file my_file31.pdb (PDB, C-alpha atoms)
MODEL        1
ATOM      1  CA  ALA D   1      15.302  70.602  17.973
ATOM      2  CA  GLY D   2      18.534  72.564  17.710
ATOM      3  CA  VAL D   3      19.452  72.587  14.039
ATOM      4  CA  SER D   4      20.003  75.351  11.479
ATOM      5  CA  LEU D   5      17.845  75.747   8.405
ATOM      6  CA  SER D   6      17.801  78.181   5.512
ATOM      7  CA  LEU D   7      15.227  80.914   5.981
ATOM      8  CA  VAL D   8      13.958  82.892   3.007
ATOM      9  CA  ILE D   9      12.578  86.344   3.754
ATOM     10  CA  GLU D  10       9.699  87.028   1.349
ATOM     11  CA  LYS D  11      10.631  90.720   1.084
ATOM     12  CA  ARG D  12      14.263  89.906   0.350
ATOM     13  CA  PRO D  13      14.448  86.581  -1.499
ATOM     14  CA  PRO D  14      17.951  85.483  -2.520
ATOM     15  CA  LYS D  15      18.796  84.785  -6.142
ATOM     16  CA  LEU D  16      19.476  81.161  -5.244
ATOM     17  CA  LEU D  17      18.094  79.106  -2.377
ATOM     18  CA  SER D  18      21.630  78.081  -1.475
ATOM     19  CA  GLN D  19      22.337  81.756  -0.713
ATOM     20  CA  ALA D  20      19.605  81.924   1.930
ATOM     21  CA  PRO D  21      21.065  82.381   5.433
ATOM     22  CA  LEU D  22      21.177  79.429   7.794
ATOM     23  CA  ILE D  23      19.285  80.279  10.974
ATOM     24  CA  ALA D  24      19.110  78.340  14.238
ATOM     25  CA  TRP D  25      15.721  76.627  14.452
ATOM     26  CA  HIS D  26      13.867  75.599  17.609
ATOM     27  CA  ILE D  27      10.629  73.631  17.842
ATOM     28  CA  ILE D  28       8.814  74.564  21.052
ATOM     29  CA  SER D  29       5.501  74.199  22.821
ATOM     30  CA  GLU D  30       3.222  77.115  23.661
ATOM     31  CA  ASP D  31       4.492  77.437  27.263
ATOM     32  CA  TYR D  32       8.194  77.482  26.393
ATOM     33  CA  PHE D  33       8.779  81.234  26.665
ATOM     34  CA  GLU D  34       6.764  81.534  29.857
ATOM     35  CA  THR D  35       8.593  78.616  31.488
ATOM     36  CA  LEU D  36      12.038  80.036  30.718
ATOM     37  CA  LYS D  37      10.910  83.623  31.425
ATOM     38  CA  ILE D  38      11.821  84.822  27.939
ATOM     39  CA  PRO D  39       9.833  88.002  27.239
ATOM     40  CA  ILE D  40       7.992  88.511  23.940
ATOM     41  CA  ALA D  41       9.093  91.947  22.744
ATOM     42  CA  LEU D  42       6.552  92.246  19.924
ATOM     43  CA  GLY D  43       3.455  90.332  18.883
ATOM     44  CA  ARG D  44       2.395  87.200  20.726
ATOM     45  CA  SER D  45       3.576  83.797  21.827
ATOM     46  CA  PHE D  46       2.272  80.505  20.476
ATOM     47  CA  ASN D  47      -1.047  79.106  21.689
ATOM     48  CA  SER D  48      -3.186  76.003  21.281
ATOM     49  CA  GLN D  49      -4.746  77.465  18.123
ATOM     50  CA  ASP D  50      -1.406  77.186  16.316
ATOM     51  CA  ASN D  51      -1.899  73.614  15.146
ATOM     52  CA  GLU D  52      -1.720  71.591  11.946
ATOM     53  CA  ASN D  53      -5.024  73.039  10.702
ATOM     54  CA  SER D  54      -4.126  76.708  11.133
ATOM     55  CA  THR D  55      -1.811  79.129   9.334
ATOM     56  CA  LYS D  56       1.825  78.216   9.816
ATOM     57  CA  VAL D  57       3.437  80.690  12.191
ATOM     58  CA  VAL D  58       6.923  81.512  13.400
ATOM     59  CA  ILE D  59       8.503  83.622  16.135
ATOM     60  CA  ILE D  60      11.894  85.240  15.510
ATOM     61  CA  ASN D  61      14.379  86.595  17.996
ATOM     62  CA  GLN D  62      15.432  90.221  18.319
ATOM     63  CA  THR D  63      18.749  89.702  16.543
ATOM     64  CA  LEU D  64      17.048  88.243  13.470
ATOM     65  CA  ALA D  65      14.492  91.067  13.487
ATOM     66  CA  ASN D  66      17.234  93.704  13.664
ATOM     67  CA  LYS D  67      19.211  92.032  10.884
ATOM     68  CA  PHE D  68      16.484  91.418   8.327
ATOM     69  CA  PHE D  69      13.839  93.959   9.358
ATOM     70  CA  PRO D  70      15.814  97.038  10.460
ATOM     71  CA  ASN D  71      13.569  99.917  11.556
ATOM     72  CA  GLU D  72      10.526  97.828  10.593
ATOM     73  CA  ASN D  73       7.808  95.930  12.404
ATOM     74  CA  PRO D  74       8.230  92.292  11.279
ATOM     75  CA  ILE D  75       4.861  91.159  12.654
ATOM     76  CA  GLY D  76       2.729  89.847   9.793
ATOM     77  CA  GLU D  77       5.673  89.352   7.418
ATOM     78  CA  TRP D  78       6.157  86.007   5.675
ATOM     79  CA  VAL D  79       9.179  83.722   5.593
ATOM     80  CA  THR D  80       9.814  80.328   4.048
ATOM     81  CA  ILE D  81      11.692  77.526   5.751
ATOM     82  CA  GLY D  82      13.896  76.407   2.875
ATOM     83  CA  LEU D  83      14.349  72.711   3.630
ATOM     84  CA  TYR D  84      10.616  72.054   3.913
ATOM     85  CA  ASN D  85       9.506  74.917   1.679
ATOM     86  CA  VAL D  86       6.970  75.844   4.351
ATOM     87  CA  LYS D  87       5.625  79.380   4.269
ATOM     88  CA  CYS D  88       5.124  80.871   7.734
ATOM     89  CA  GLN D  89       3.874  84.171   9.083
ATOM     90  CA  ILE D  90       5.810  86.009  11.777
ATOM     91  CA  VAL D  91       3.564  86.460  14.828
ATOM     92  CA  GLY D  92       6.094  87.468  17.469
ATOM     93  CA  VAL D  93       9.574  88.715  18.303
ATOM     94  CA  ALA D  94      11.209  87.145  21.368
ATOM     95  CA  ASN D  95      14.056  88.613  23.366
ATOM     96  CA  ASP D  96      17.499  87.229  22.579
ATOM     97  CA  THR D  97      18.847  84.304  24.567
ATOM     98  CA  ARG D  98      22.433  83.167  24.965
ATOM     99  CA  ASN D  99      22.808  79.502  24.070
ATOM    100  CA  GLN D 100      26.581  79.565  24.412
ATOM    101  CA  ILE D 101      27.451  80.600  27.933
ATOM    102  CA  PHE D 102      30.888  82.051  27.059
ATOM    103  CA  SER D 103      29.769  84.205  24.159
ATOM    104  CA  ASP D 104      28.799  87.862  24.139
ATOM    105  CA  HIS D 105      27.155  87.535  20.743
ATOM    106  CA  THR D 106      23.629  86.332  20.084
ATOM    107  CA  LYS D 107      22.747  84.666  16.806
ATOM    108  CA  PRO D 108      19.607  84.929  14.684
ATOM    109  CA  GLU D 109      17.060  82.301  15.733
ATOM    110  CA  PHE D 110      13.489  81.381  14.925
ATOM    111  CA  TYR D 111      10.894  79.216  16.638
ATOM    112  CA  THR D 112       8.016  77.140  15.299
ATOM    113  CA  PRO D 113       5.217  75.488  17.341
ATOM    114  CA  TYR D 114       5.461  71.768  18.029
ATOM    115  CA  LEU D 115       1.853  71.196  16.904
ATOM    116  CA  GLN D 116       2.771  72.420  13.411
ATOM    117  CA  THR D 117       6.260  70.943  13.156
ATOM    118  CA  PRO D 118       6.377  67.758  15.287
ATOM    119  CA  TRP D 119       9.780  66.201  15.960
ATOM    120  CA  ASN D 120      10.755  62.658  16.855
ATOM    121  CA  GLU D 121      12.520  63.716  20.047
ATOM    122  CA  MET D 122      12.218  66.595  22.449
ATOM    123  CA  ALA D 123      13.672  68.164  25.585
ATOM    124  CA  LEU D 124      11.224  68.713  28.412
ATOM    125  CA  VAL D 125      11.764  71.897  30.448
ATOM    126  CA  ILE D 126      10.102  72.046  33.867
ATOM    127  CA  ARG D 127      10.047  74.981  36.296
ATOM    128  CA  THR D 128       9.320  74.140  39.924
ATOM    129  CA  LYS D 129       9.543  75.753  43.346
ATOM    130  CA  GLU D 130      10.469  72.395  44.885
ATOM    131  CA  ASN D 131      13.734  70.479  44.680
ATOM    132  CA  PRO D 132      13.984  69.391  41.003
ATOM    133  CA  LYS D 133      15.556  66.072  42.009
ATOM    134  CA  ASP D 134      12.387  65.136  43.856
ATOM    135  CA  LEU D 135      10.407  65.322  40.617
ATOM    136  CA  VAL D 136      12.466  62.842  38.595
ATOM    137  CA  SER D 137      10.480  59.761  39.621
ATOM    138  CA  THR D 138       7.192  61.623  39.166
ATOM    139  CA  LEU D 139       8.315  62.682  35.702
ATOM    140  CA  HIS D 140       9.130  59.091  34.732
ATOM    141  CA  ASN D 141       5.769  57.888  35.984
ATOM    142  CA  ARG D 142       3.820  60.574  34.127
ATOM    143  CA  VAL D 143       5.615  59.968  30.831
ATOM    144  CA  HIS D 144       5.373  56.178  31.072
ATOM    145  CA  ALA D 145       1.686  56.488  31.871
ATOM    146  CA  ILE D 146       1.324  57.910  28.360
ATOM    147  CA  ASP D 147       3.705  55.484  26.646
ATOM    148  CA  ARG D 148       6.042  53.074  28.426
ATOM    149  CA  ASN D 149       8.256  52.858  25.339
ATOM    150  CA  ILE D 150       9.299  56.513  25.499
ATOM    151  CA  PRO D 151      12.903  56.665  26.730
ATOM    152  CA  ILE D 152      13.824  59.292  29.319
ATOM    153  CA  PHE D 153      17.491  60.179  29.658
ATOM    154  CA  ASN D 154      19.952  62.915  30.598
ATOM    155  CA  VAL D 155      17.738  64.440  33.306
ATOM    156  CA  LYS D 156      19.613  67.439  34.738
ATOM    157  CA  THR D 157      18.931  70.698  36.509
ATOM    158  CA  ILE D 158      19.900  74.002  34.914
ATOM    159  CA  ASP D 159      22.674  74.363  37.496
ATOM    160  CA  GLU D 160      24.110  70.982  36.472
ATOM    161  CA  ILE D 161      23.940  71.884  32.788
ATOM    162  CA  ILE D 162      25.773  75.161  33.424
ATOM    163  CA  ALA D 163      28.352  73.379  35.586
ATOM    164  CA  ASP D 164      29.051  70.940  32.743
ATOM    165  CA  MET D 165      29.403  73.804  30.270
ATOM    166  CA  ILE D 166      31.915  75.727  32.393
ATOM    167  CA  PHE D 167      33.907  72.743  33.684
ATOM    168  CA  GLU D 168      36.628  72.862  31.032
ATOM    169  CA  PRO D 169      37.062  76.689  31.001
ATOM    170  CA  ARG D 170      37.067  76.707  34.811
ATOM    171  CA  PHE D 171      39.724  73.960  34.926
ATOM    172  CA  ASN D 172      41.873  75.835  32.385
ATOM    173  CA  THR D 173      41.502  79.021  34.416
ATOM    174  CA  LEU D 174      42.505  77.295  37.655
ATOM    175  CA  LEU D 175      45.488  75.722  35.901
ATOM    176  CA  LEU D 176      46.628  79.073  34.487
ATOM    177  CA  THR D 177      46.126  80.710  37.883
ATOM    178  CA  LEU D 178      48.305  78.054  39.500
ATOM    179  CA  PHE D 179      51.034  78.526  36.895
ATOM    180  CA  ALA D 180      50.834  82.318  37.283
ATOM    181  CA  PHE D 181      51.128  82.029  41.073
ATOM    182  CA  VAL D 182      54.159  79.757  40.791
ATOM    183  CA  ALA D 183      55.727  82.146  38.265
ATOM    184  CA  LEU D 184      55.111  85.055  40.633
ATOM    185  CA  ILE D 185      56.766  83.220  43.522
ATOM    186  CA  LEU D 186      59.763  82.297  41.351
ATOM    187  CA  ALA D 187      60.055  85.884  40.111
ATOM    188  CA  SER D 188      59.998  87.192  43.698
ATOM    189  CA  ILE D 189      62.661  84.687  44.772
ATOM    190  CA  GLY D 190      64.746  85.588  41.726
ATOM    191  CA  ILE D 191      64.568  89.317  42.425
ATOM    192  CA  TYR D 192      65.448  88.740  46.074
ATOM    193  CA  SER D 193      68.417  86.533  45.138
ATOM    194  CA  VAL D 194      69.778  89.020  42.610
ATOM    195  CA  MET D 195      69.456  91.919  45.034
ATOM    196  CA  SER D 196      71.085  89.928  47.854
ATOM    197  CA  TYR D 197      74.003  89.012  45.593
ATOM    198  CA  SER D 198      74.293  92.622  44.431
ATOM    199  CA  VAL D 199      74.419  93.908  48.005
ATOM    200  CA  GLY D 200      77.030  91.296  48.881
ATOM    201  CA  GLN D 201      79.205  92.342  45.934
ATOM    202  CA  ARG D 202      78.913  96.003  46.887
ATOM    203  CA  THR D 203      79.733  95.570  50.571
ATOM    204  CA  HIS D 204      83.011  97.507  50.242
ATOM    205  CA  GLU D 205      81.316 100.313  48.299
ATOM    206  CA  ILE D 206      78.528 100.570  50.876
ATOM    207  CA  GLY D 207      81.107 100.634  53.685
ATOM    208  CA  VAL D 208      82.992 103.487  51.973
ATOM    209  CA  ARG D 209      79.765 105.432  51.512
ATOM    210  CA  LEU D 210      78.867 104.999  55.186
ATOM    211  CA  ALA D 211      82.428 105.962  56.243
ATOM    212  CA  LEU D 212      82.171 109.133  54.164
ATOM    213  CA  GLY D 213      78.957 110.126  55.923
ATOM    214  CA  ALA D 214      76.172 108.512  53.952
ATOM    215  CA  GLN D 215      73.046 107.920  56.011
ATOM    216  CA  LYS D 216      71.591 104.439  56.401
ATOM    217  CA  GLU D 217      68.355 105.652  54.803
ATOM    218  CA  ASP D 218      70.422 106.636  51.754
ATOM    219  CA  ILE D 219      71.765 103.091  51.479
ATOM    220  CA  VAL D 220      68.221 101.692  51.612
ATOM    221  CA  LYS D 221      67.122 104.095  48.876
ATOM    222  CA  LEU D 222      70.166 103.150  46.785
ATOM    223  CA  VAL D 223      69.417  99.416  46.927
ATOM    224  CA  ILE D 224      65.683  99.799  46.352
ATOM    225  CA  ALA D 225      66.289 102.212  43.453
ATOM    226  CA  GLN D 226      68.516  99.618  41.778
ATOM    227  CA  GLY D 227      65.790  96.995  42.214
ATOM    228  CA  ILE D 228      63.111  99.331  40.855
ATOM    229  CA  LEU D 229      65.239 100.078  37.785
ATOM    230  CA  LEU D 230      65.613  96.361  37.073
ATOM    231  CA  ALA D 231      61.896  95.874  37.695
ATOM    232  CA  ILE D 232      60.927  98.609  35.232
ATOM    233  CA  VAL D 233      63.090  97.069  32.520
ATOM    234  CA  GLY D 234      61.680  93.593  33.202
ATOM    235  CA  ILE D 235      58.047  94.722  33.430
ATOM    236  CA  LEU D 236      58.235  96.716  30.201
ATOM    237  CA  SER D 237      59.792  93.745  28.410
ATOM    238  CA  GLY D 238      57.173  91.430  29.872
ATOM    239  CA  LEU D 239      54.307  93.731  28.858
ATOM    240  CA  ALA D 240      55.576  93.835  25.280
ATOM    241  CA  ILE D 241      55.798  90.038  25.117
ATOM    242  CA  ALA D 242      52.431  89.575  26.860
ATOM    243  CA  TYR D 243      50.721  91.989  24.484
ATOM    244  CA  GLY D 244      52.063  90.036  21.528
ATOM    245  CA  LEU D 245      50.828  86.724  22.957
ATOM    246  CA  THR D 246      47.318  87.861  23.957
ATOM    247  CA  ARG D 247      45.757  86.412  20.805
ATOM    248  CA  PHE D 248      46.547  82.912  22.106
ATOM    249  CA  LEU D 249      44.500  83.622  25.267
ATOM    250  CA  SER D 250      41.476  85.220  23.624
ATOM    251  CA  GLY D 251      39.659  81.864  23.458
ATOM    252  CA  LEU D 252      39.919  81.497  27.249
ATOM    253  CA  LEU D 253      38.498  84.913  28.068
ATOM    254  CA  PHE D 254      34.899  85.940  28.581
ATOM    255  CA  GLY D 255      33.584  89.388  29.397
ATOM    256  CA  VAL D 256      37.020  90.982  29.025
ATOM    257  CA  SER D 257      39.192  91.706  26.000
ATOM    258  CA  SER D 258      42.608  90.104  25.592
ATOM    259  CA  THR D 259      44.197  93.586  25.768
ATOM    260  CA  ASP D 260      42.188  94.911  28.707
ATOM    261  CA  MET D 261      44.117  97.910  30.018
ATOM    262  CA  LEU D 262      42.786  97.568  33.575
ATOM    263  CA  THR D 263      44.148  94.031  33.752
ATOM    264  CA  PHE D 264      47.540  95.050  32.383
ATOM    265  CA  PHE D 265      47.733  97.975  34.820
ATOM    266  CA  SER D 266      46.678  95.869  37.829
ATOM    267  CA  VAL D 267      49.209  93.128  37.073
ATOM    268  CA  THR D 268      51.963  95.677  36.502
ATOM    269  CA  LEU D 269      51.220  97.418  39.801
ATOM    270  CA  PHE D 270      51.127  94.110  41.646
ATOM    271  CA  LEU D 271      54.477  92.987  40.201
ATOM    272  CA  PHE D 272      55.960  96.376  41.042
ATOM    273  CA  LEU D 273      54.885  96.035  44.685
ATOM    274  CA  ILE D 274      56.262  92.488  44.802
ATOM    275  CA  THR D 275      59.586  93.843  43.511
ATOM    276  CA  ILE D 276      59.751  96.469  46.250
ATOM    277  CA  LEU D 277      59.037  93.836  48.897
ATOM    278  CA  ALA D 278      61.677  91.543  47.423
ATOM    279  CA  CYS D 279      64.234  94.385  47.581
ATOM    280  CA  TYR D 280      63.379  95.485  51.100
ATOM    281  CA  ILE D 281      65.155  92.672  52.992
ATOM    282  CA  PRO D 282      68.503  93.098  51.143
ATOM    283  CA  ALA D 283      68.151  96.850  51.654
ATOM    284  CA  ARG D 284      67.695  96.379  55.402
ATOM    285  CA  ARG D 285      70.771  94.128  55.438
ATOM    286  CA  ALA D 286      72.789  96.754  53.569
ATOM    287  CA  MET D 287      71.728  99.386  56.080
ATOM    288  CA  ARG D 288      73.347  97.378  58.888
ATOM    289  CA  VAL D 289      76.775  97.057  57.201
ATOM    290  CA  ASP D 290      79.570  98.146  59.558
ATOM    291  CA  PRO D 291      81.946 100.510  57.655
ATOM    292  CA  MET D 292      85.106  99.250  59.423
ATOM    293  CA  THR D 293      84.230  95.602  58.819
ATOM    294  CA  ALA D 294      83.515  96.288  55.173
ATOM    295  CA  LEU D 295      86.818  98.149  54.692
ATOM    296  CA  ARG D 296      88.873  95.439  56.443
ATOM    297  CA  ARG D 297      87.356  92.781  54.159
ATOM    298  CA  GLU D 298      88.982  94.511  51.188
TER
ENDMDL
END
call {"tool": "encode", "arguments": {"input": "my_file31.pdb", "output": "structure tokens"}}
result
Amino acid sequence: AGVSLSLVIEKRPPKLLSQAPLIAWHIISEDYFETLKIPIALGRSFNSQDNENSTKVVIINQTLANKFFPNENPIGEWVTIGLYNVKCQIVGVANDTRNQIFSDHTKPEFYTPYLQTPWNEMALVIRTKENPKDLVSTLHNRVHAIDRNIPIFNVKTIDEIIADMIFEPRFNTLLLTLFAFVALILASIGIYSVMSYSVGQRTHEIGVRLALGAQKEDIVKLVIAQGILLAIVGILSGLAIAYGLTRFLSGLLFGVSSTDMLTFFSVTLFLFLITILACYIPARRAMRVDPMTALRRE
């Protein structure tokens, strides 16, 4: 099961049941943690003795233990599952798991054994060293040997489940990357066009400078310096706008903040290098201007 239920901590009961926190609840078999390689940090896992005739037990995750039992050992403490008013004893603390792949935060969770809290449907988790696809028919046969009326559906490998979970974010990322690449190409073409036009308009000035003894390297530096000045103004304006719009991208990011300084610096440096490259060709053209030809054109 994957629902949330109110959980009442015996040491800290709320004034009203409605004020009890809602905690994610999972009904599992005794081999669940071992199959998924989830370590038990404190206490023990479930076993075959945890059945309908024994004391009701529960395992909590590390986040729940840290939240409700800070600096305490929760093993042996009692909690009550609010909806069913079932009193359970904590027998273990499991390591946190991430149920939402694009989330850095883990939520409080608790587990109860299937033998004590049976459910009308379940997900079967199988670990194998063979190709999982080869076991599908065997799985159907084994289940139907017990009861042919039990439906089996949505059989997937972990890799397929993860692929389904990341499909939409991956598509959005690819789309944004494509748009960013197109924008970068357009920006480079725009810078090149502006610099070419500027050099063309300053042909007479460049010719005069060369006639008065200016070196060709000086002309290159002059053109590139003008492009760098424009680039600095544009990049600073773009950074200010981008910083203000980062909140709209926060939902698409994982593992990095929307104002990550390394990302801002890397993009700025890359755009700066693109600007220099876009200015280089007009600068080379300006360097080859013949002073006499430029003066006669005026």
call {"tool": "residues_around", "arguments": {"input": "my_file31.pdb", "residues": "Leu239 of chain D", "least_positions_apart": "2", "cutoff": "12 Å", "atoms": "only C-alpha atoms", "output": "compact mmCIF listing (two decimals) with C-alpha atoms, in the coordinates of the input"}}
result
# COMPACT_ATOMS: atom_id res chain seq x y z
CA ALA D 231 61.90 95.87 37.70
CA ILE D 232 60.93 98.61 35.23
CA VAL D 233 63.09 97.07 32.52
CA GLY D 234 61.68 93.59 33.20
CA ILE D 235 58.05 94.72 33.43
CA LEU D 236 58.24 96.72 30.20
CA SER D 237 59.79 93.74 28.41
CA ILE D 241 55.80 90.04 25.12
CA ALA D 242 52.43 89.58 26.86
CA TYR D 243 50.72 91.99 24.48
CA GLY D 244 52.06 90.04 21.53
CA LEU D 245 50.83 86.72 22.96
CA THR D 246 47.32 87.86 23.96
CA THR D 259 44.20 93.59 25.77
CA MET D 261 44.12 97.91 30.02
CA THR D 263 44.15 94.03 33.75
CA PHE D 264 47.54 95.05 32.38
CA PHE D 265 47.73 97.98 34.82
CA SER D 266 46.68 95.87 37.83
CA VAL D 267 49.21 93.13 37.07
CA THR D 268 51.96 95.68 36.50
CA LEU D 269 51.22 97.42 39.80
CA LEU D 271 54.48 92.99 40.20
call {"tool": "residues_near_point", "arguments": {"input": "my_file31.pdb", "point": "(-1.1, 77.6, 22.9)", "cutoff": "8 Å", "atoms": "only C-alpha atoms", "output": "list in words"}}
result
Ser29, Glu30, Asp31, Ser45, Phe46, Asn47, Ser48, Gln49 and Asp50 of chain D
call {"tool": "resolve_selection", "arguments": {"input": "my_file31.pdb", "expression": "the PyMOL selection byres ((chain D and resi 191) around 9)", "output": "JSON, numbers by chain"}}
result
{"D": [186, 187, 188, 189, 190, 192, 193, 194, 195, 196, 227, 230, 231, 275, 278, 279]}
call {"tool": "residues_around", "arguments": {"input": "my_file31.pdb", "residues": "Lys11 of chain D", "least_positions_apart": "2", "cutoff": "12 Å", "atoms": "only C-alpha atoms", "output": "ChimeraX atom specification"}}
result
/D:7-9,13-14,68-69,72,74,76-80
call {"tool": "atom_distance", "arguments": {"input": "my_file31.pdb", "atom1": "atom CA of Gln116 of chain D", "atom2": "atom CA of His26 of chain D"}}
result
12.3 Å
